[in-house]
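Asker: Before anything else, here's the structure in question.
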Amino acid sequence: MARRTTTVPLLLALIPVVAAVFAVTALAGAVSLAARRPARPARVVGFLLLYLLADCAGLVAAATLYVRHPPGRRGAREARVAGAYAVLARLLTYLRAAARPLFGLDLSITPRVPAPAEQPGPPLLVFARHAGPGDSFLVLHVLLGQAGLRPYTVLKGSLRADPCLDFLVSEVPHCFLPAPDGRDQEAIGALAAALGPGDALVLFPEGGNFTPRRHRRAVASLRRHGRLPRAARATRLHYVLPPRDAGVLAALEAAPTADVIFVAHSGLDVIDSVRSAWNGIPLHQPVQAHWWRVRSGDIPRTREARSEWLLTQWTRVDAWIAAHAPPGTTHV
């Protein structure tokens with residue numbers, strides 16, 4: 001509660017400030033547009049303003065859900081969950097639509113994402129590559145908006161500083177990491193165990209965005225812990241970090257009937273710093289994403305075999321990125 005008494009007033013205070021900055025940058029942007037130079041300040045500040053307004057709309061929607069379906073009323077919890085998913089879907093659609101003209105964001109997915117009516121019964125574990133700004137929100141948007149699935153989210157605790165996410169995500173199945181009691185694997189396992197038909201647990205096994213420095217540190221950590229064969233295989237990964245086992249294995253053990261979806265993507269990974277983000281606006285190529293499905297019956301049964309299987313799948317992710325990465329993509 002103490003966190004929210006800080007983040008909500010801060011959000012409300014930021015809106016007029018950002019609006020004023022946007023007015024200045026928009027005027028400067030009109031001059032730069034006339035000179036045929038990209039109006040980057042206006043694009044960035046304009047999106048920030050739209051994001052803050054979306055946050056406010058999300059807060060109002062969350063409060064409305066709470067008033068209409070207060071705790072203790074029969075069916076209130078289920079109604080708030082369904083409502084929160086609907087609001088999140090609308091907000092993500094709005095932000096993706098805003099990012100297209102402002103940042104040149106265009107997403108191409110192969111193979112075609114099945115429509116909601118085409119979704120098979122088993123729950124899903126979605127293991128996605130993590131690189132570039134906003135990739136986690138794109139994954140959630142596709143699951144909610146295109147596939148019609150209910151994502152169970154595993155998010156970094158720092159994202160609770162966003163009051164809209166803090167309120168809305170608290171209404172749907174989720175966990176923030178690190179867990180308050182330090183039991184991250186148990187938190188992921190409990191989330192996966194609750195999956196049902198039409199649900200999808202989203203996890204980013206790398207634990208953070210790819211950078212060459214993080215890659216070197218991850219390989220060095222494997223060597224320090226005596227996992228030399230795995231370290232040797234990890235050095236042959238050029239665009240991704242070696243996946244962390246713990247969360248994935250906890251999810252697989254807790255949801256033995258779930259199928260697994262792997263997601264590779266490229267395009268946002270050209271942005272790995274503030275400078276590259278600034279120079280990369282607008283994007284000159286579409287973001288490409290590719291996914292494949294592994295049926296539960298084809299997943300190895302022992303922890304050791306699953307660990308090797310995960311690294312093999314991640315090698316496939318790396319190979320796909322190598323074949324589709326635009327020039328300038330960060331790699332080792």
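How things are named: the first chain in the structure tokens is A, the next is B, and so on; residues count from 1 in each chain; ligands count from 1 in the order shown.
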Give me the residues of stretch 235-275 of chain A that have any atom at most 8 Å from an atom of stretch 296-320 of chain A; for each, the nearest atom pair and the distance in Å, rounded to one decimal. Use only C-alpha atoms, sort by chain and number, and format it as CSV.

Answerer:
```
residue,atom,partner,partner_atom,distance
A:Leu237,CA,A:Asp318,CA,6.2
A:His238,CA,A:Asp318,CA,6.8
A:Tyr239,CA,A:Asp318,CA,5.7
A:Val240,CA,A:Asp318,CA,6.0
A:Pro242,CA,A:Leu311,CA,7.1
A:Pro243,CA,A:Leu311,CA,6.7
A:Asp245,CA,A:Ser307,CA,6.3
A:Leu249,CA,A:Arg303,CA,6.9
A:Pro256,CA,A:Ser296,CA,7.0
A:Thr257,CA,A:Ser296,CA,5.7
A:Ala258,CA,A:Ser296,CA,5.6
A:Asp259,CA,A:Ser296,CA,4.6
A:Val260,CA,A:Ser296,CA,7.0
A:Phe262,CA,A:Gln313,CA,7.8
A:Val263,CA,A:Val317,CA,7.5
A:Ala264,CA,A:Val317,CA,5.4
```

Asker: Compile a residue-level contact table for stretch 116-196 of chain A against stretch 81-85 of chain A at a cut-off of 12 Å, reporting for every qualifying residue the shortest atom pair and its distance in Å to one decimal, with only C-alpha atoms counted, rows ordered by chain and ascending number, as JSON lines.

Answerer:
```
{"residue": "A:Leu140", "atom": "CA", "partner": "A:Tyr85", "partner_atom": "CA", "distance": 10.5}
{"residue": "A:His141", "atom": "CA", "partner": "A:Tyr85", "partner_atom": "CA", "distance": 10.6}
{"residue": "A:Leu143", "atom": "CA", "partner": "A:Tyr85", "partner_atom": "CA", "distance": 10.9}
{"residue": "A:Leu144", "atom": "CA", "partner": "A:Tyr85", "partner_atom": "CA", "distance": 7.7}
{"residue": "A:Gly145", "atom": "CA", "partner": "A:Tyr85", "partner_atom": "CA", "distance": 9.9}
{"residue": "A:Gly148", "atom": "CA", "partner": "A:Tyr85", "partner_atom": "CA", "distance": 10.1}
{"residue": "A:Leu149", "atom": "CA", "partner": "A:Tyr85", "partner_atom": "CA", "distance": 9.6}
{"residue": "A:Arg150", "atom": "CA", "partner": "A:Tyr85", "partner_atom": "CA", "distance": 7.3}
{"residue": "A:Pro151", "atom": "CA", "partner": "A:Tyr85", "partner_atom": "CA", "distance": 8.6}
{"residue": "A:Tyr152", "atom": "CA", "partner": "A:Tyr85", "partner_atom": "CA", "distance": 10.4}
{"residue": "A:Thr153", "atom": "CA", "partner": "A:Tyr85", "partner_atom": "CA", "distance": 11.5}
{"residue": "A:Cys164", "atom": "CA", "partner": "A:Ala84", "partner_atom": "CA", "distance": 10.7}
{"residue": "A:Leu165", "atom": "CA", "partner": "A:Ala84", "partner_atom": "CA", "distance": 10.3}
{"residue": "A:Asp166", "atom": "CA", "partner": "A:Ala84", "partner_atom": "CA", "distance": 11.6}
{"residue": "A:Phe167", "atom": "CA", "partner": "A:Ala84", "partner_atom": "CA", "distance": 9.2}
{"residue": "A:Leu168", "atom": "CA", "partner": "A:Ala84", "partner_atom": "CA", "distance": 5.7}
{"residue": "A:Val169", "atom": "CA", "partner": "A:Ala84", "partner_atom": "CA", "distance": 7.6}
{"residue": "A:Ser170", "atom": "CA", "partner": "A:Ala84", "partner_atom": "CA", "distance": 9.1}
{"residue": "A:Glu171", "atom": "CA", "partner": "A:Val81", "partner_atom": "CA", "distance": 5.5}
{"residue": "A:Val172", "atom": "CA", "partner": "A:Val81", "partner_atom": "CA", "distance": 5.3}
{"residue": "A:Pro173", "atom": "CA", "partner": "A:Val81", "partner_atom": "CA", "distance": 8.3}
{"residue": "A:His174", "atom": "CA", "partner": "A:Val81", "partner_atom": "CA", "distance": 11.3}
```

Asker: How far is it from atom CA of A:Pro212 to atom CA of A:Leu241, in Å with one decimal?

Answerer: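 Separation of atom CA of A:Pro212 and atom CA of A:Leu241: 8.7 Å.
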
Asker: As an exercise, work out the distance from atom CA of A:His225 to atom CA of A:Ile321 in Å and give it to one decimal place.

Answerer: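 Atom CA of A:His225 sits 28.3 Å away from atom CA of A:Ile321.
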
Asker: Considering only C-alpha atoms, can you say which of A:Leu138, A:Ala128, A:Ala187, A:Ala231 comes closest to A:Val202?

Answerer: A:Ala128

Asker: Between A:Val219, A:Val87, A:His130, A:Gly267, which is the closest to A:Pro282 once you count only C-alpha atoms?

Answerer: A:Gly267

Asker: Which one is closest to A:Pro116: A:Pro101, A:Tyr51, A:Gly198, A:Asp181? Count only C-alpha atoms.

Answerer: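 The shortest atom-to-atom distance to A:Pro116 comes from A:Gly198.
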
Asker: Separation of atom CA of A:Arg160 and atom CA of A:Leu12, in Å?

Answerer: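 Value for the atom CA of A:Arg160-atom CA of A:Leu12 distance: 16.2 Å.
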
Asker: Would you list the contacts of A:Ile109 as a list in words, taking every protein, DNA or RNA residue within 9 Å and counting only C-alpha atoms, but skipping same-chain residues closer than 6 positions in sequence?

Answerer: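 Residues meeting the cut-off are His265, Val287, Gln288, Ala289, His290 and Trp291 of chain A.
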
Asker: List every residue of stretch 238-330 of chain A that DSSP, applied to the backbone, labels as alpha helix (DSSP H), and write the result as a PyMOL selection string.

Answerer: chain A and resi 245-254+274-279+303-324

Asker: Based on the selection just made, write N, CA and C atoms of those residues as an mmCIF file, in the first residue's frame.

Answerer:
```cif
data_model
loop_
_atom_site.group_PDB
_atom_site.id
_atom_site.type_symbol
_atom_site.label_atom_id
_atom_site.label_comp_id
_atom_site.auth_asym_id
_atom_site.auth_seq_id
_atom_site.Cartn_x
_atom_site.Cartn_y
_atom_site.Cartn_z
ATOM 1 N N ASP A 245 17.920 -22.858 -15.738
ATOM 2 C CA ASP A 245 17.109 -24.077 -15.591
ATOM 3 C C ASP A 245 15.992 -23.968 -14.573
ATOM 4 N N ALA A 246 16.265 -23.293 -13.469
ATOM 5 C CA ALA A 246 15.443 -23.467 -12.270
ATOM 6 C C ALA A 246 13.964 -23.189 -12.519
ATOM 7 N N GLY A 247 13.652 -22.019 -13.059
ATOM 8 C CA GLY A 247 12.249 -21.663 -13.267
ATOM 9 C C GLY A 247 11.560 -22.556 -14.273
ATOM 10 N N VAL A 248 12.269 -22.882 -15.358
ATOM 11 C CA VAL A 248 11.701 -23.747 -16.393
ATOM 12 C C VAL A 248 11.401 -25.132 -15.837
ATOM 13 N N LEU A 249 12.352 -25.695 -15.103
ATOM 14 C CA LEU A 249 12.146 -27.035 -14.543
ATOM 15 C C LEU A 249 11.005 -27.036 -13.531
ATOM 16 N N ALA A 250 10.894 -25.969 -12.745
ATOM 17 C CA ALA A 250 9.787 -25.886 -11.781
ATOM 18 C C ALA A 250 8.445 -25.848 -12.499
ATOM 19 N N ALA A 251 8.376 -25.108 -13.602
ATOM 20 C CA ALA A 251 7.124 -25.016 -14.364
ATOM 21 C C ALA A 251 6.786 -26.349 -15.013
ATOM 22 N N LEU A 252 7.786 -27.026 -15.586
ATOM 23 C CA LEU A 252 7.544 -28.308 -16.244
ATOM 24 C C LEU A 252 7.072 -29.363 -15.242
ATOM 25 N N GLU A 253 7.652 -29.362 -14.046
ATOM 26 C CA GLU A 253 7.267 -30.345 -13.031
ATOM 27 C C GLU A 253 5.855 -30.081 -12.517
ATOM 28 N N ALA A 254 5.500 -28.809 -12.394
ATOM 29 C CA ALA A 254 4.196 -28.458 -11.827
ATOM 30 C C ALA A 254 3.060 -28.594 -12.834
ATOM 31 N N VAL A 274 20.757 3.173 -24.467
ATOM 32 C CA VAL A 274 20.016 4.419 -24.700
ATOM 33 C C VAL A 274 20.430 5.041 -26.032
ATOM 34 N N ARG A 275 21.708 4.992 -26.326
ATOM 35 C CA ARG A 275 22.193 5.584 -27.577
ATOM 36 C C ARG A 275 21.640 4.859 -28.790
ATOM 37 N N SER A 276 21.678 3.512 -28.774
ATOM 38 C CA SER A 276 21.168 2.760 -29.923
ATOM 39 C C SER A 276 19.657 2.912 -30.040
ATOM 40 N N ALA A 277 18.956 3.076 -28.900
ATOM 41 C CA ALA A 277 17.516 3.308 -28.959
ATOM 42 C C ALA A 277 17.218 4.636 -29.642
ATOM 43 N N TRP A 278 17.989 5.640 -29.281
ATOM 44 C CA TRP A 278 17.785 6.963 -29.875
ATOM 45 C C TRP A 278 18.072 6.946 -31.381
ATOM 46 N N ASN A 279 19.196 6.329 -31.738
ATOM 47 C CA ASN A 279 19.571 6.293 -33.152
ATOM 48 C C ASN A 279 18.678 5.361 -33.967
ATOM 49 N N ARG A 303 14.997 -34.464 -14.809
ATOM 50 C CA ARG A 303 15.499 -33.091 -14.740
ATOM 51 C C ARG A 303 16.738 -32.915 -15.606
ATOM 52 N N GLU A 304 17.633 -33.896 -15.567
ATOM 53 C CA GLU A 304 18.861 -33.780 -16.352
ATOM 54 C C GLU A 304 18.553 -33.734 -17.839
ATOM 55 N N ALA A 305 17.655 -34.617 -18.277
ATOM 56 C CA ALA A 305 17.300 -34.647 -19.695
ATOM 57 C C ALA A 305 16.566 -33.374 -20.099
ATOM 58 N N ARG A 306 15.729 -32.860 -19.220
ATOM 59 C CA ARG A 306 15.014 -31.628 -19.527
ATOM 60 C C ARG A 306 15.970 -30.444 -19.628
ATOM 61 N N SER A 307 16.984 -30.433 -18.783
ATOM 62 C CA SER A 307 17.975 -29.363 -18.834
ATOM 63 C C SER A 307 18.690 -29.358 -20.185
ATOM 64 N N GLU A 308 19.100 -30.524 -20.649
ATOM 65 C CA GLU A 308 19.759 -30.620 -21.952
ATOM 66 C C GLU A 308 18.788 -30.293 -23.090
ATOM 67 N N TRP A 309 17.560 -30.744 -22.951
ATOM 68 C CA TRP A 309 16.529 -30.452 -23.954
ATOM 69 C C TRP A 309 16.297 -28.948 -24.080
ATOM 70 N N LEU A 310 16.236 -28.258 -22.935
ATOM 71 C CA LEU A 310 16.039 -26.810 -22.952
ATOM 72 C C LEU A 310 17.182 -26.116 -23.679
ATOM 73 N N LEU A 311 18.408 -26.509 -23.397
ATOM 74 C CA LEU A 311 19.548 -25.883 -24.067
ATOM 75 C C LEU A 311 19.533 -26.178 -25.564
ATOM 76 N N THR A 312 19.106 -27.381 -25.939
ATOM 77 C CA THR A 312 18.992 -27.710 -27.369
ATOM 78 C C THR A 312 17.949 -26.828 -28.044
ATOM 79 N N GLN A 313 16.817 -26.621 -27.385
ATOM 80 C CA GLN A 313 15.793 -25.739 -27.940
ATOM 81 C C GLN A 313 16.301 -24.304 -28.032
ATOM 82 N N TRP A 314 17.069 -23.890 -27.059
ATOM 83 C CA TRP A 314 17.607 -22.525 -27.078
ATOM 84 C C TRP A 314 18.656 -22.369 -28.174
ATOM 85 N N THR A 315 19.359 -23.446 -28.480
ATOM 86 C CA THR A 315 20.284 -23.417 -29.616
ATOM 87 C C THR A 315 19.514 -23.198 -30.909
ATOM 88 N N ARG A 316 18.318 -23.775 -30.981
ATOM 89 C CA ARG A 316 17.461 -23.550 -32.144
ATOM 90 C C ARG A 316 17.004 -22.094 -32.203
ATOM 91 N N VAL A 317 16.673 -21.507 -31.058
ATOM 92 C CA VAL A 317 16.324 -20.086 -31.004
ATOM 93 C C VAL A 317 17.484 -19.249 -31.554
ATOM 94 N N ASP A 318 18.697 -19.544 -31.088
ATOM 95 C CA ASP A 318 19.880 -18.801 -31.516
ATOM 96 C C ASP A 318 20.093 -18.934 -33.020
ATOM 97 N N ALA A 319 19.919 -20.137 -33.551
ATOM 98 C CA ALA A 319 20.120 -20.363 -34.984
ATOM 99 C C ALA A 319 19.087 -19.595 -35.805
ATOM 100 N N TRP A 320 17.850 -19.545 -35.329
ATOM 101 C CA TRP A 320 16.814 -18.805 -36.068
ATOM 102 C C TRP A 320 17.162 -17.318 -36.095
ATOM 103 N N ILE A 321 17.604 -16.780 -34.972
ATOM 104 C CA ILE A 321 17.970 -15.360 -34.924
ATOM 105 C C ILE A 321 19.144 -15.085 -35.857
ATOM 106 N N ALA A 322 20.136 -15.974 -35.858
ATOM 107 C CA ALA A 322 21.292 -15.787 -36.741
ATOM 108 C C ALA A 322 20.871 -15.706 -38.206
ATOM 109 N N ALA A 323 19.826 -16.438 -38.557
ATOM 110 C CA ALA A 323 19.368 -16.449 -39.952
ATOM 111 C C ALA A 323 18.465 -15.268 -40.290
ATOM 112 N N HIS A 324 17.921 -14.582 -39.280
ATOM 113 C CA HIS A 324 16.938 -13.526 -39.547
ATOM 114 C C HIS A 324 17.322 -12.175 -38.945
#
```

Asker: Which is closest to A:Val113 among A:Ala232, A:Ile261, A:Leu201, A:Leu50, if we use only C-alpha atoms?

Answerer: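 Under the stated criterion, the closest residue is A:Ile261.
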
Asker: Which residues are close to stretch 1-11 of chain A, i.e. within 12 Å by only C-alpha atoms, leaving aside same-chain residues fewer than 5 positions away? Reply as a list in words.

Answerer: Pro16, Val17, Val18, Leu48, Leu49, Tyr51, Leu52, Leu53, Ala54, Asp55, Cys56, Ala57, Gly58, Leu59, Val60, Ser158, Leu159, Arg160, Ala161, Asp162, Pro163, Cys164, Leu165, Asp166 and Phe167 of chain A
